[in-house]
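Q: What follows is the file coords_21.txt, containing compact mmCIF, C-alpha atoms:
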```txt
# COMPACT_ATOMS: atom_id res chain seq x y z
CA ASN A 1 14.41 4.03 11.91
CA GLY A 2 13.75 7.73 12.10
CA ILE A 3 11.39 9.80 10.04
CA ARG A 4 12.96 10.39 6.62
CA CYS A 5 10.30 12.61 5.13
CA VAL A 6 6.78 13.87 5.61
CA LYS A 7 4.19 12.10 3.48
CA MET A 8 0.74 13.57 3.71
CA ASP A 9 -2.31 11.74 2.40
CA PRO A 10 -2.14 12.07 -1.38
CA VAL A 11 -5.88 12.15 -2.05
CA ALA A 12 -6.47 15.09 0.30
CA CYS A 13 -3.68 16.90 -1.56
CA LEU A 14 -5.23 15.95 -4.92
CA MET A 15 -8.52 17.56 -4.05
CA THR A 16 -6.77 20.81 -3.14
CA MET A 17 -4.84 20.70 -6.43
CA ALA A 18 -8.04 19.93 -8.33
CA ALA A 19 -9.79 22.93 -6.81
CA ALA A 20 -6.97 25.21 -7.98
CA THR A 21 -6.78 23.85 -11.55
CA THR A 22 -9.17 23.03 -14.36
CA ARG A 23 -7.16 21.23 -17.02
CA LEU A 24 -4.48 19.21 -15.24
CA GLY A 25 -4.84 15.49 -14.75
CA ILE A 26 -4.12 14.55 -11.14
CA GLY A 27 -3.07 11.23 -9.69
CA ALA A 28 -1.94 9.58 -6.49
CA THR A 29 -0.38 6.32 -5.39
CA TYR A 30 -2.33 3.79 -3.31
CA SER A 31 -1.04 0.32 -2.54
CA THR A 32 -2.90 -2.87 -3.40
CA THR A 33 -1.06 -4.52 -0.51
CA TYR A 34 -2.23 -2.25 2.30
CA TYR A 35 -5.60 -0.87 1.25
CA ASP A 36 -8.94 -2.54 0.55
CA PRO A 37 -10.20 -2.57 -3.03
CA PHE A 38 -13.68 -1.19 -2.27
CA HIS A 39 -12.08 1.77 -0.48
CA VAL A 40 -9.62 2.46 -3.30
CA ALA A 41 -12.36 2.14 -5.93
CA ARG A 42 -14.59 4.55 -4.01
CA VAL A 43 -11.88 7.12 -3.28
CA PHE A 44 -10.55 7.33 -6.83
CA GLN A 45 -13.98 7.19 -8.50
CA THR A 46 -15.09 10.04 -6.22
CA VAL A 47 -12.03 12.10 -7.19
CA ASP A 48 -12.71 11.30 -10.86
CA LEU A 49 -16.32 12.48 -10.54
CA MET A 50 -15.42 15.61 -8.62
CA THR A 51 -12.71 16.57 -11.12
CA LYS A 52 -14.85 15.72 -14.16
CA GLY A 53 -12.61 12.89 -15.32
CA ARG A 54 -9.13 14.15 -14.42
CA ALA A 55 -8.11 11.49 -11.86
CA ALA A 56 -5.49 8.76 -12.04
CA TRP A 57 -4.45 6.00 -9.65
CA ASN A 58 -0.83 4.86 -9.54
CA CYS A 59 -1.41 1.25 -8.56
CA VAL A 60 1.55 -0.22 -6.64
CA THR A 61 2.23 -3.31 -4.53
CA SER A 62 4.58 -1.54 -2.05
CA VAL A 63 8.18 -2.36 -1.33
CA ASN A 64 9.35 -2.80 2.25
CA ASP A 65 8.95 -4.20 5.76
CA ASN A 66 8.71 -0.77 7.40
CA GLU A 67 5.60 0.02 5.37
CA ALA A 68 4.13 -3.33 6.45
CA ARG A 69 4.75 -2.40 10.08
CA ASN A 70 3.26 1.07 9.67
CA MET A 71 0.14 -0.39 8.09
CA GLY A 72 -0.28 -2.93 10.91
CA ARG A 73 0.53 -5.97 8.79
CA GLY A 74 3.16 -7.60 10.98
CA ASP A 75 6.90 -7.61 10.76
CA GLU A 76 7.31 -8.85 7.20
CA HIS A 77 6.33 -7.54 3.83
CA MET A 78 4.45 -10.06 1.66
CA ASN A 79 6.51 -12.05 -0.90
CA HIS A 80 7.02 -10.20 -4.22
CA ASP A 81 5.08 -12.54 -6.53
CA LEU A 82 2.29 -13.08 -3.96
CA ARG A 83 1.85 -9.30 -3.78
CA TYR A 84 1.23 -9.29 -7.52
CA ASP A 85 -1.12 -12.29 -7.30
CA ARG A 86 -3.12 -10.37 -4.69
CA ALA A 87 -2.88 -7.21 -6.82
CA ASP A 88 -4.43 -9.05 -9.79
CA GLU A 89 -7.42 -9.90 -7.61
CA PHE A 90 -7.46 -6.35 -6.25
CA MET A 91 -7.78 -5.03 -9.80
CA GLU A 92 -10.58 -7.46 -10.61
CA VAL A 93 -12.51 -6.13 -7.62
CA VAL A 94 -11.81 -2.44 -8.33
CA LEU A 95 -12.62 -2.74 -12.03
CA GLY A 96 -15.66 -4.85 -11.20
CA HIS A 97 -17.02 -2.09 -8.98
CA TRP A 98 -16.19 0.64 -11.48
CA ASP A 99 -17.99 -1.33 -14.19
CA SER A 100 -21.00 -2.20 -12.03
CA TRP A 101 -22.81 1.01 -13.04
CA ASP A 102 -23.97 1.27 -16.66
CA ASP A 103 -23.24 4.57 -18.41
CA ASP A 104 -26.96 5.40 -18.49
CA ALA A 105 -27.84 4.15 -14.98
CA ILE A 106 -28.56 7.61 -13.54
CA VAL A 107 -31.93 9.08 -14.51
CA VAL A 108 -32.75 11.50 -11.66
CA ASP A 109 -36.50 11.09 -12.13
CA LYS A 110 -37.85 13.19 -9.23
CA ALA A 111 -41.48 12.66 -10.21
CA ASN A 112 -41.15 8.89 -9.73
CA ASN A 113 -38.54 9.12 -6.96
CA VAL A 114 -35.90 7.23 -9.00
CA TYR A 115 -32.26 8.30 -8.94
CA ALA A 116 -30.89 5.37 -10.94
CA HIS A 117 -32.29 2.36 -12.78
CA PRO A 118 -31.89 -0.52 -10.31
CA ASP A 119 -31.28 -3.00 -13.14
CA LYS A 120 -28.31 -0.90 -14.34
CA VAL A 121 -26.39 -1.10 -11.06
CA ARG A 122 -25.11 -4.55 -10.14
CA ARG A 123 -23.34 -6.34 -7.32
CA ILE A 124 -20.06 -7.99 -8.26
CA ASP A 125 -20.09 -10.81 -5.68
CA TYR A 126 -16.35 -11.38 -6.10
CA LYS A 127 -14.67 -14.20 -4.17
CA GLY A 128 -10.99 -14.89 -4.80
CA ARG A 129 -8.07 -16.49 -2.98
CA TYR A 130 -7.09 -13.26 -1.21
CA LEU A 131 -10.05 -10.93 -1.51
CA SER A 132 -13.81 -10.79 -1.65
CA SER A 133 -16.27 -7.97 -2.23
CA ARG A 134 -19.99 -7.93 -2.70
CA GLY A 135 -21.18 -4.52 -3.77
CA PRO A 136 -23.28 -2.82 -4.92
CA PHE A 137 -20.78 -0.04 -5.49
CA THR A 138 -21.77 3.31 -4.01
CA VAL A 139 -20.28 5.68 -6.61
CA PRO A 140 -21.63 6.06 -10.16
CA ARG A 141 -19.48 6.09 -13.29
CA SER A 142 -17.43 9.17 -14.06
CA PRO A 143 -17.26 10.88 -17.47
CA GLN A 144 -14.35 8.69 -18.60
CA GLY A 145 -15.79 5.55 -16.97
CA HIS A 146 -13.09 5.26 -14.33
CA PRO A 147 -9.80 6.90 -13.31
CA VAL A 148 -6.71 6.28 -15.42
CA ILE A 149 -4.64 3.39 -14.04
CA ILE A 150 -0.89 3.99 -13.86
CA GLN A 151 1.70 1.34 -12.99
CA ALA A 152 5.50 1.12 -12.83
CA GLY A 153 6.28 -2.55 -12.38
CA ALA A 154 9.93 -3.18 -13.25
CA SER A 155 10.22 -6.92 -12.57
CA ASP A 156 8.91 -9.50 -15.05
CA ARG A 157 5.90 -10.09 -12.78
CA GLY A 158 5.37 -6.34 -12.40
CA GLN A 159 5.51 -5.83 -16.16
CA ASP A 160 2.96 -8.62 -16.66
CA PHE A 161 0.70 -6.87 -14.15
CA ALA A 162 1.16 -3.51 -15.91
CA ALA A 163 0.54 -5.08 -19.32
CA ARG A 164 -2.73 -6.54 -18.06
CA HIS A 165 -4.10 -3.58 -16.12
CA ALA A 166 -2.32 -0.26 -16.74
CA GLU A 167 -3.38 2.46 -19.11
CA ALA A 168 -0.14 4.37 -18.57
CA ILE A 169 3.20 3.09 -17.32
CA ILE A 170 6.16 4.77 -15.65
CA VAL A 171 9.45 3.73 -17.21
CA SER A 172 13.01 4.95 -16.87
CA ARG A 173 15.72 4.09 -19.40
CA GLU A 174 19.10 5.71 -20.07
CA THR A 175 18.97 6.08 -23.85
CA VAL A 176 16.42 6.46 -26.61
CA ASP A 177 17.47 3.06 -28.03
CA GLU A 178 16.92 1.37 -24.63
CA MET A 179 13.51 3.02 -24.42
CA LYS A 180 12.61 1.82 -27.93
CA GLN A 181 13.63 -1.73 -27.00
CA TYR A 182 11.55 -1.56 -23.83
CA TYR A 183 8.60 -0.12 -25.75
CA ASP A 184 8.67 -2.91 -28.34
CA ALA A 185 9.04 -5.61 -25.67
CA PHE A 186 6.22 -4.13 -23.58
CA LYS A 187 3.88 -3.89 -26.59
CA ALA A 188 4.49 -7.60 -27.19
CA ARG A 189 3.75 -8.30 -23.51
CA VAL A 190 0.46 -6.37 -23.76
CA LYS A 191 -0.53 -8.29 -26.86
CA LYS A 192 0.25 -11.59 -25.12
```
Go ahead and express the file in the form of structure tokens.
A:
Amino acid sequence: NGIRCVKMDPVACLMTMAAATTRLGIGATYSTTYYDPFHVARVFQTVDLMTKGRAAWNCVTSVNDNEARNMGRGDEHMNHDLRYDRADEFMEVVLGHWDSWDDDAIVVDKANNVYAHPDKVRRIDYKGRYLSSRGPFTVPRSPQGHPVIIQAGASDRGQDFAARHAEAIIVSRETVDEMKQYYDAFKARVKK
């Protein structure tokens, strides 16, 4: 297959956009299938800190074999439901790192040479079926705690994932009535 479009790294673009704006929220898409959770947690928490709480992460599981090949993951894309099983673990690791710093961990006590209270920064020591991560996390909490999590899962499994983890969802429906039906059904899924 030939090149269909140019896709530059979204986070590098975000930082340029952030430098040129002061009130816009900015977000980018990173895949839970082809990135490591510590890296994603660090990148997006850094953007959130540098933009004073304006960052968002569109959390996706990716969609095709060509992306798998580009990312060095063999000739086949992982099975749909397994991607979401792995993504659930991915989110546990990312959220675990983001929550491993207490809000008041940073003290910047120069007289006693203490940047942060050691008892307010924890390792997560996560071990799952697909992923593991130890910590401690290297980036402190941002003003909003962590970046906004966006998700657009359309399948039943994707909607379950979004209901569990997302703070904003991307949805497309043809009519207002269809959107209302989706909204009601999704609220019930979140509650469940």
Q: Counting only C-alpha atoms, give me one row per residue of segment 8-40 of chain A with an atom at most 7 Å from an atom of segment 81-95 of chain A, showing the shortest contact pair and its distance in Å to one decimal, sorted by chain then residue number, as CSV.
A:
```
residue,atom,partner,partner_atom,distance
A:Thr32,CA,A:Ala87,CA,5.5
A:Thr33,CA,A:Arg83,CA,6.5
A:Pro37,CA,A:Val94,CA,5.5
A:Phe38,CA,A:Val94,CA,6.5
```
Q: Which neighbours of Val11 of chain A fall inside 10 Å, counting only C-alpha atoms, when residues of the same chain fewer than 3 positions from it are skipped, and could you give them as a PDB file with C-alpha atoms, in the coordinates of the input?
A:
```pdb
ATOM      1  CA  MET A   8       0.740  13.570   3.710  1.00  0.00           C
ATOM      2  CA  LEU A  14      -5.230  15.950  -4.920  1.00  0.00           C
ATOM      3  CA  MET A  15      -8.520  17.560  -4.050  1.00  0.00           C
ATOM      4  CA  THR A  16      -6.770  20.810  -3.140  1.00  0.00           C
ATOM      5  CA  MET A  17      -4.840  20.700  -6.430  1.00  0.00           C
ATOM      6  CA  ILE A  26      -4.120  14.550 -11.140  1.00  0.00           C
ATOM      7  CA  GLY A  27      -3.070  11.230  -9.690  1.00  0.00           C
ATOM      8  CA  ALA A  28      -1.940   9.580  -6.490  1.00  0.00           C
ATOM      9  CA  THR A  29      -0.380   6.320  -5.390  1.00  0.00           C
ATOM     10  CA  TYR A  30      -2.330   3.790  -3.310  1.00  0.00           C
ATOM     11  CA  VAL A  43     -11.880   7.120  -3.280  1.00  0.00           C
ATOM     12  CA  PHE A  44     -10.550   7.330  -6.830  1.00  0.00           C
ATOM     13  CA  VAL A  47     -12.030  12.100  -7.190  1.00  0.00           C
ATOM     14  CA  TRP A  57      -4.450   6.000  -9.650  1.00  0.00           C
TER      15      TRP A  57
END
```
Q: Between atom CA of Val40 of chain A and atom CA of Ala163 of chain A, what is the distance, to one decimal in Å?
A: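 Atom CA of Val40 of chain A sits 20.4 Å away from atom CA of Ala163 of chain A.
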Q: Ranking A:Val148, A:Val190, A:Ala116, A:Leu24 by minimum distance to Ala162 of chain A and counting only C-alpha atoms, which one comes first?
A: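 Answer, going by the shortest atom-to-atom distance: A:Val190.
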Q: Would you list the contacts of Ala168 of chain A as number ranges by chain, taking every protein, DNA or RNA residue within 10 Å and counting only C-alpha atoms, but skipping same-chain residues closer than 6 positions in sequence?
A: A: 56, 58, 148-152, 162
Q: Looking at only C-alpha atoms, which of A:Pro136, A:Ile124, A:Asp99, A:His165 is the one that sits closest to Val60 of chain A?
A: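 Of the candidates, the smallest distance to Val60 of chain A is held by A:His165.
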Q: Calculate how many Å separate atom CA of Gln159 of chain A from atom CA of Tyr35 of chain A, rounding to one decimal.
A: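 Pair atom CA of Gln159 of chain A / atom CA of Tyr35 of chain A returns 21.2 Å.
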Q: Record the distance separating atom CA of Trp98 of chain A and atom CA of Asp125 of chain A, expressed in Å with one decimal.
A: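 A separation of 13.4 Å between them.
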Q: Which of these, A:Ala154, A:Ile170, A:Ala55, A:Val114, has the shortest distance to Ala41 of chain A once you count all atoms listed in the file?
A: A:Ala55
Q: Restricting the calculation to only C-alpha atoms, which member of A:Gly96, A:Gly53, A:Gly153, A:Pro147 is positioned closest to Ser132 of chain A?
A: A:Gly96
Q: Can you tell me, as AutoDock Vina command-line options, the centre and edge lengths (Å, one decimal) of the axis-aligned box enclosing all of segment 93-108 of chain A's listed atoms after padding each side by 8 Å?
A:
```
--center_x -22.3 --center_y 2.7 --center_z -13.1 --size_x 36.9 --size_y 33.6 --size_z 26.9
```
Q: Might you pull out every residue within 9 Å of Asp103 of chain A, with all atoms listed in the file counted and same-chain residues fewer than 2 positions away left off, and present them as a PyMOL selection string?
A: chain A and resi 99+101+105-106+120+140-143+145
Q: Pick out the closest residue to Ala20 of chain A from this set: A:Thr51, A:Ile169, A:His39, A:Val63. Count all atoms listed in the file.
A: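 For Ala20 of chain A, the nearest of the given residues is A:Thr51.
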Q: Which of these residues is nearest to His146 of chain A, using all atoms listed in the file: A:Ala166, A:Val176, A:Leu49, A:Cys13?
A: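 Checking each candidate against His146 of chain A, we get A:Leu49 as the closest.
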